[in-house]
file input_28.pdb (PDB, N, CA and C atoms)
ATOM      1  N   MET A  22      42.124-106.271  -3.948
ATOM      2  CA  MET A  22      42.822-107.236  -4.766
ATOM      3  C   MET A  22      41.791-108.215  -5.325
ATOM      4  N   SER A  23      41.775-108.321  -6.635
ATOM      5  CA  SER A  23      40.795-109.209  -7.257
ATOM      6  C   SER A  23      41.277-110.653  -7.217
ATOM      7  N   SER A  24      40.410-111.532  -7.613
ATOM      8  CA  SER A  24      40.718-112.958  -7.593
ATOM      9  C   SER A  24      41.841-113.301  -8.579
ATOM     10  N   THR A  25      41.843-112.632  -9.726
ATOM     11  CA  THR A  25      42.878-112.884 -10.735
ATOM     12  C   THR A  25      44.247-112.438 -10.237
ATOM     13  N   GLU A  26      44.294-111.285  -9.582
ATOM     14  CA  GLU A  26      45.566-110.786  -9.048
ATOM     15  C   GLU A  26      46.086-111.699  -7.946
ATOM     16  N   ALA A  27      45.196-112.207  -7.131
ATOM     17  CA  ALA A  27      45.613-113.113  -6.057
ATOM     18  C   ALA A  27      46.163-114.410  -6.637
ATOM     19  N   THR A  28      45.520-114.917  -7.673
ATOM     20  CA  THR A  28      45.988-116.144  -8.310
ATOM     21  C   THR A  28      47.349-115.931  -8.962
ATOM     22  N   GLU A  29      47.520-114.802  -9.657
ATOM     23  CA  GLU A  29      48.806-114.495 -10.283
ATOM     24  C   GLU A  29      49.898-114.330  -9.234
ATOM     25  N   SER A  30      49.554-113.725  -8.118
ATOM     26  CA  SER A  30      50.530-113.540  -7.043
ATOM     27  C   SER A  30      50.976-114.891  -6.476
ATOM     28  N   ARG A  31      50.023-115.779  -6.237
ATOM     29  CA  ARG A  31      50.366-117.116  -5.731
ATOM     30  C   ARG A  31      51.189-117.901  -6.746
ATOM     31  N   LEU A  32      50.860-117.758  -8.015
ATOM     32  CA  LEU A  32      51.601-118.449  -9.068
ATOM     33  C   LEU A  32      53.026-117.916  -9.170
ATOM     34  N   ASN A  33      53.205-116.602  -9.057
ATOM     35  CA  ASN A  33      54.554-116.029  -9.068
ATOM     36  C   ASN A  33      55.383-116.543  -7.899
ATOM     37  N   ILE A  34      54.782-116.607  -6.736
ATOM     38  CA  ILE A  34      55.495-117.106  -5.559
ATOM     39  C   ILE A  34      55.861-118.569  -5.745
ATOM     40  N   PHE A  35      54.944-119.365  -6.295
ATOM     41  CA  PHE A  35      55.207-120.783  -6.530
ATOM     42  C   PHE A  35      56.353-120.976  -7.525
ATOM     43  N   ILE A  36      56.349-120.217  -8.608
ATOM     44  CA  ILE A  36      57.412-120.344  -9.611
ATOM     45  C   ILE A  36      58.753-119.938  -9.022
ATOM     46  N   ARG A  37      58.784-118.903  -8.234
ATOM     47  CA  ARG A  37      60.050-118.493  -7.599
ATOM     48  C   ARG A  37      60.525-119.532  -6.578
ATOM     49  N   LEU A  38      59.604-120.143  -5.878
ATOM     50  CA  LEU A  38      59.968-121.193  -4.930
ATOM     51  C   LEU A  38      60.548-122.402  -5.652
ATOM     52  N   VAL A  39      59.911-122.812  -6.743
ATOM     53  CA  VAL A  39      60.429-123.923  -7.538
ATOM     54  C   VAL A  39      61.796-123.570  -8.118
ATOM     55  N   GLY A  40      61.971-122.336  -8.565
ATOM     56  CA  GLY A  40      63.277-121.892  -9.068
ATOM     57  C   GLY A  40      64.352-121.959  -8.006
ATOM     58  N   THR A  41      64.023-121.560  -6.796
ATOM     59  CA  THR A  41      64.980-121.635  -5.696
ATOM     60  C   THR A  41      65.348-123.086  -5.391
ATOM     61  N   ILE A  42      64.366-123.963  -5.430
ATOM     62  CA  ILE A  42      64.629-125.392  -5.199
ATOM     63  C   ILE A  42      65.532-125.940  -6.291
ATOM     64  N   PHE A  43      65.303-125.544  -7.545
ATOM     65  CA  PHE A  43      66.160-126.000  -8.645
ATOM     66  C   PHE A  43      67.591-125.505  -8.478
ATOM     67  N   ILE A  44      67.756-124.273  -8.037
ATOM     68  CA  ILE A  44      69.108-123.740  -7.807
ATOM     69  C   ILE A  44      69.812-124.559  -6.734
ATOM     70  N   ILE A  45      69.120-124.820  -5.642
ATOM     71  CA  ILE A  45      69.713-125.590  -4.546
ATOM     72  C   ILE A  45      70.059-127.001  -5.010
ATOM     73  N   LEU A  46      69.150-127.654  -5.743
ATOM     74  CA  LEU A  46      69.425-129.001  -6.243
ATOM     75  C   LEU A  46      70.620-129.016  -7.194
ATOM     76  N   GLY A  47      70.710-128.032  -8.061
ATOM     77  CA  GLY A  47      71.824-127.964  -8.992
ATOM     78  C   GLY A  47      73.150-127.792  -8.286
ATOM     79  N   ILE A  48      73.191-126.931  -7.290
ATOM     80  CA  ILE A  48      74.436-126.702  -6.550
ATOM     81  C   ILE A  48      74.809-127.935  -5.739
ATOM     82  N   VAL A  49      73.846-128.554  -5.091
ATOM     83  CA  VAL A  49      74.118-129.759  -4.294
ATOM     84  C   VAL A  49      74.616-130.888  -5.195
ATOM     85  N   LEU A  50      74.001-131.054  -6.354
ATOM     86  CA  LEU A  50      74.447-132.091  -7.288
ATOM     87  C   LEU A  50      75.867-131.835  -7.772
ATOM     88  N   ALA A  51      76.196-130.588  -8.042
ATOM     89  CA  ALA A  51      77.557-130.256  -8.476
ATOM     90  C   ALA A  51      78.568-130.533  -7.364
ATOM     91  N   VAL A  52      78.223-130.191  -6.142
ATOM     92  CA  VAL A  52      79.148-130.430  -5.021
ATOM     93  C   VAL A  52      79.336-131.922  -4.785
ATOM     94  N   PHE A  53      78.243-132.684  -4.809
ATOM     95  CA  PHE A  53      78.365-134.131  -4.617
ATOM     96  C   PHE A  53      79.141-134.788  -5.751
ATOM     97  N   THR A  54      78.968-134.301  -6.964
ATOM     98  CA  THR A  54      79.727-134.842  -8.088
ATOM     99  C   THR A  54      81.206-134.518  -7.934
ATOM    100  N   TYR A  55      81.506-133.326  -7.446
ATOM    101  CA  TYR A  55      82.899-132.930  -7.258
ATOM    102  C   TYR A  55      83.576-133.765  -6.174
ATOM    103  N   THR A  56      82.865-134.058  -5.092
ATOM    104  CA  THR A  56      83.491-134.759  -3.969
ATOM    105  C   THR A  56      83.492-136.275  -4.140
ATOM    106  N   ALA A  57      82.632-136.811  -5.001
ATOM    107  CA  ALA A  57      82.560-138.265  -5.183
ATOM    108  C   ALA A  57      83.584-138.704  -6.230
ATOM    109  N   SER A  58      84.051-139.913  -6.088
ATOM    110  CA  SER A  58      84.984-140.441  -7.079
ATOM    111  C   SER A  58      84.177-141.195  -8.138
ATOM    112  N   THR A  59      83.876-140.501  -9.222
ATOM    113  CA  THR A  59      83.098-141.093 -10.308
ATOM    114  C   THR A  59      83.944-141.134 -11.572
ATOM    115  N   ILE A  60      83.485-141.900 -12.533
ATOM    116  CA  ILE A  60      84.158-141.958 -13.821
ATOM    117  C   ILE A  60      84.024-140.599 -14.505
ATOM    118  N   THR A  61      85.064-140.181 -15.214
ATOM    119  CA  THR A  61      85.086-138.850 -15.814
ATOM    120  C   THR A  61      83.921-138.639 -16.779
ATOM    121  N   GLN A  62      83.584-139.646 -17.575
ATOM    122  CA  GLN A  62      82.484-139.502 -18.523
ATOM    123  C   GLN A  62      81.149-139.321 -17.804
ATOM    124  N   VAL A  63      80.972-139.987 -16.692
ATOM    125  CA  VAL A  63      79.731-139.857 -15.928
ATOM    126  C   VAL A  63      79.682-138.513 -15.206
ATOM    127  N   ALA A  64      80.813-138.072 -14.714
ATOM    128  CA  ALA A  64      80.862-136.791 -14.007
ATOM    129  C   ALA A  64      80.466-135.644 -14.926
ATOM    130  N   ALA A  65      80.868-135.719 -16.191
ATOM    131  CA  ALA A  65      80.507-134.656 -17.132
ATOM    132  C   ALA A  65      78.991-134.563 -17.303
ATOM    133  N   ILE A  66      78.320-135.690 -17.342
ATOM    134  CA  ILE A  66      76.857-135.688 -17.467
ATOM    135  C   ILE A  66      76.214-135.079 -16.223
ATOM    136  N   PHE A  67      76.722-135.442 -15.045
ATOM    137  CA  PHE A  67      76.172-134.877 -13.808
ATOM    138  C   PHE A  67      76.417-133.373 -13.731
ATOM    139  N   TYR A  68      77.584-132.905 -14.192
ATOM    140  CA  TYR A  68      77.835-131.466 -14.223
ATOM    141  C   TYR A  68      76.889-130.768 -15.196
ATOM    142  N   LEU A  69      76.602-131.405 -16.327
ATOM    143  CA  LEU A  69      75.660-130.825 -17.276
ATOM    144  C   LEU A  69      74.267-130.728 -16.662
ATOM    145  N   ILE A  70      73.841-131.783 -15.989
ATOM    146  CA  ILE A  70      72.526-131.772 -15.345
ATOM    147  C   ILE A  70      72.460-130.696 -14.257
ATOM    148  N   SER A  71      73.512-130.580 -13.460
ATOM    149  CA  SER A  71      73.508-129.565 -12.399
ATOM    150  C   SER A  71      73.516-128.159 -12.980
ATOM    151  N   THR A  72      74.211-127.964 -14.095
ATOM    152  CA  THR A  72      74.210-126.651 -14.743
ATOM    153  C   THR A  72      72.825-126.318 -15.279
ATOM    154  N   LEU A  73      72.174-127.285 -15.906
ATOM    155  CA  LEU A  73      70.832-127.047 -16.428
ATOM    156  C   LEU A  73      69.832-126.758 -15.306
ATOM    157  N   LEU A  74      69.933-127.485 -14.212
ATOM    158  CA  LEU A  74      69.049-127.226 -13.070
ATOM    159  C   LEU A  74      69.262-125.818 -12.522
ATOM    160  N   THR A  75      70.525-125.436 -12.369
ATOM    161  CA  THR A  75      70.828-124.121 -11.810
ATOM    162  C   THR A  75      70.359-123.001 -12.739
ATOM    163  N   LEU A  76      70.619-123.146 -14.034
ATOM    164  CA  LEU A  76      70.201-122.108 -14.979
ATOM    165  C   LEU A  76      68.680-121.993 -15.074
ATOM    166  N   SER A  77      67.994-123.115 -15.088
ATOM    167  CA  SER A  77      66.530-123.041 -15.133
ATOM    168  C   SER A  77      65.984-122.452 -13.833
ATOM    169  N   GLY A  78      66.637-122.727 -12.722
ATOM    170  CA  GLY A  78      66.223-122.117 -11.453
ATOM    171  C   GLY A  78      66.416-120.620 -11.450
ATOM    172  N   ILE A  79      67.533-120.167 -12.011
ATOM    173  CA  ILE A  79      67.792-118.722 -12.083
ATOM    174  C   ILE A  79      66.754-118.050 -12.976
ATOM    175  N   LEU A  80      66.452-118.670 -14.112
ATOM    176  CA  LEU A  80      65.427-118.108 -14.995
ATOM    177  C   LEU A  80      64.065-118.052 -14.315
ATOM    178  N   ALA A  81      63.745-119.055 -13.532
ATOM    179  CA  ALA A  81      62.454-119.058 -12.835
ATOM    180  C   ALA A  81      62.403-117.988 -11.748
ATOM    181  N   VAL A  82      63.523-117.737 -11.112
ATOM    182  CA  VAL A  82      63.525-116.736 -10.033
ATOM    183  C   VAL A  82      63.406-115.322 -10.603
ATOM    184  N   VAL A  83      64.052-115.049 -11.731
ATOM    185  CA  VAL A  83      64.034-113.685 -12.261
ATOM    186  C   VAL A  83      62.857-113.425 -13.204
ATOM    187  N   SER A  84      62.096-114.464 -13.547
ATOM    188  CA  SER A  84      60.985-114.273 -14.480
ATOM    189  C   SER A  84      59.801-113.604 -13.779
ATOM    190  N   LYS A  85      58.992-112.960 -14.589
ATOM    191  CA  LYS A  85      57.781-112.335 -14.074
ATOM    192  C   LYS A  85      56.659-112.623 -15.048
ATOM    193  N   LEU A  86      55.559-113.122 -14.537
ATOM    194  CA  LEU A  86      54.409-113.422 -15.383
ATOM    195  C   LEU A  86      53.615-112.141 -15.624
ATOM    196  N   ASP A  87      53.191-111.978 -16.846
ATOM    197  CA  ASP A  87      52.373-110.793 -17.180
ATOM    198  C   ASP A  87      50.958-111.185 -17.475
TER     199      ASP A  87
END
call {"tool": "encode", "arguments": {"input": "input_28.pdb", "output": "structure tokens"}}
result
Amino acid sequence: MSSTEATESRLNIFIRLVGTIFIILGIVLAVFTYTASTITQVAAIFYLISTLLTLSGILAVVSKLD
């Protein structure tokens, strides 16, 4: 295994780890927004943020660097 392959492998693992963290943060934010009594206009923004976090996490997990 060359140095470039090792670096790419570590980078792929790091990106997938960050993607997993984003998925977890998005789901936790959505659950906390659902259970908390917040104003409807504010809740919509939090749901949007949690959706964006989750989707970006999914994209990071399924992506592959070439």
call {"tool": "select_by_dssp", "arguments": {"input": "input_28.pdb", "residues": "chain A", "states": "alpha helix (DSSP H)", "output": "PyMOL selection string"}}
result
chain A and resi 24-56+61-83
call {"tool": "closest_residue", "arguments": {"input": "input_28.pdb", "among": "A:Leu86, A:Ser30, A:Phe35, A:Ser71", "to": "Leu50 (chain A)", "atoms": "only C-alpha atoms"}}
result
A:Ser71
call {"tool": "closest_residue", "arguments": {"input": "input_28.pdb", "among": "A:Thr72, A:Thr41, A:Asn33, A:Thr61", "to": "Lys85 (chain A)", "atoms": "all atoms listed in the file"}}
result
A:Asn33
call {"tool": "closest_residue", "arguments": {"input": "input_28.pdb", "among": "A:Ile60, A:Ala65, A:Ile36, A:Ala51", "to": "Leu80 (chain A)", "atoms": "only N, CA and C atoms"}}
result
A:Ile36
call {"tool": "atom_distance", "arguments": {"input": "input_28.pdb", "atom1": "CA of Thr75 (chain A)", "atom2": "CA of Val52 (chain A)"}}
result
12.5 Å
call {"tool": "atom_distance", "arguments": {"input": "input_28.pdb", "atom1": "CA of Leu32 (chain A)", "atom2": "CA of Ser77 (chain A)"}}
result
16.8 Å
call {"tool": "atom_distance", "arguments": {"input": "input_28.pdb", "atom1": "CA of Val82 (chain A)", "atom2": "CA of Ser23 (chain A)"}}
result
24.1 Å
call {"tool": "closest_residue", "arguments": {"input": "input_28.pdb", "among": "A:Thr25, A:Phe43, A:Leu38, A:Arg31", "to": "Ile79 (chain A)", "atoms": "all atoms listed in the file"}}
result
A:Phe43
call {"tool": "axis_aligned_box", "arguments": {"input": "input_28.pdb", "around": "region 25-44 of chain A", "padding_each_side": "8 Å", "output": "JSON"}}
result
{"center_x": 55.8, "center_y": -118.4, "center_z": -7.8, "size_x": 44.0, "size_y": 31.2, "size_z": 21.8}
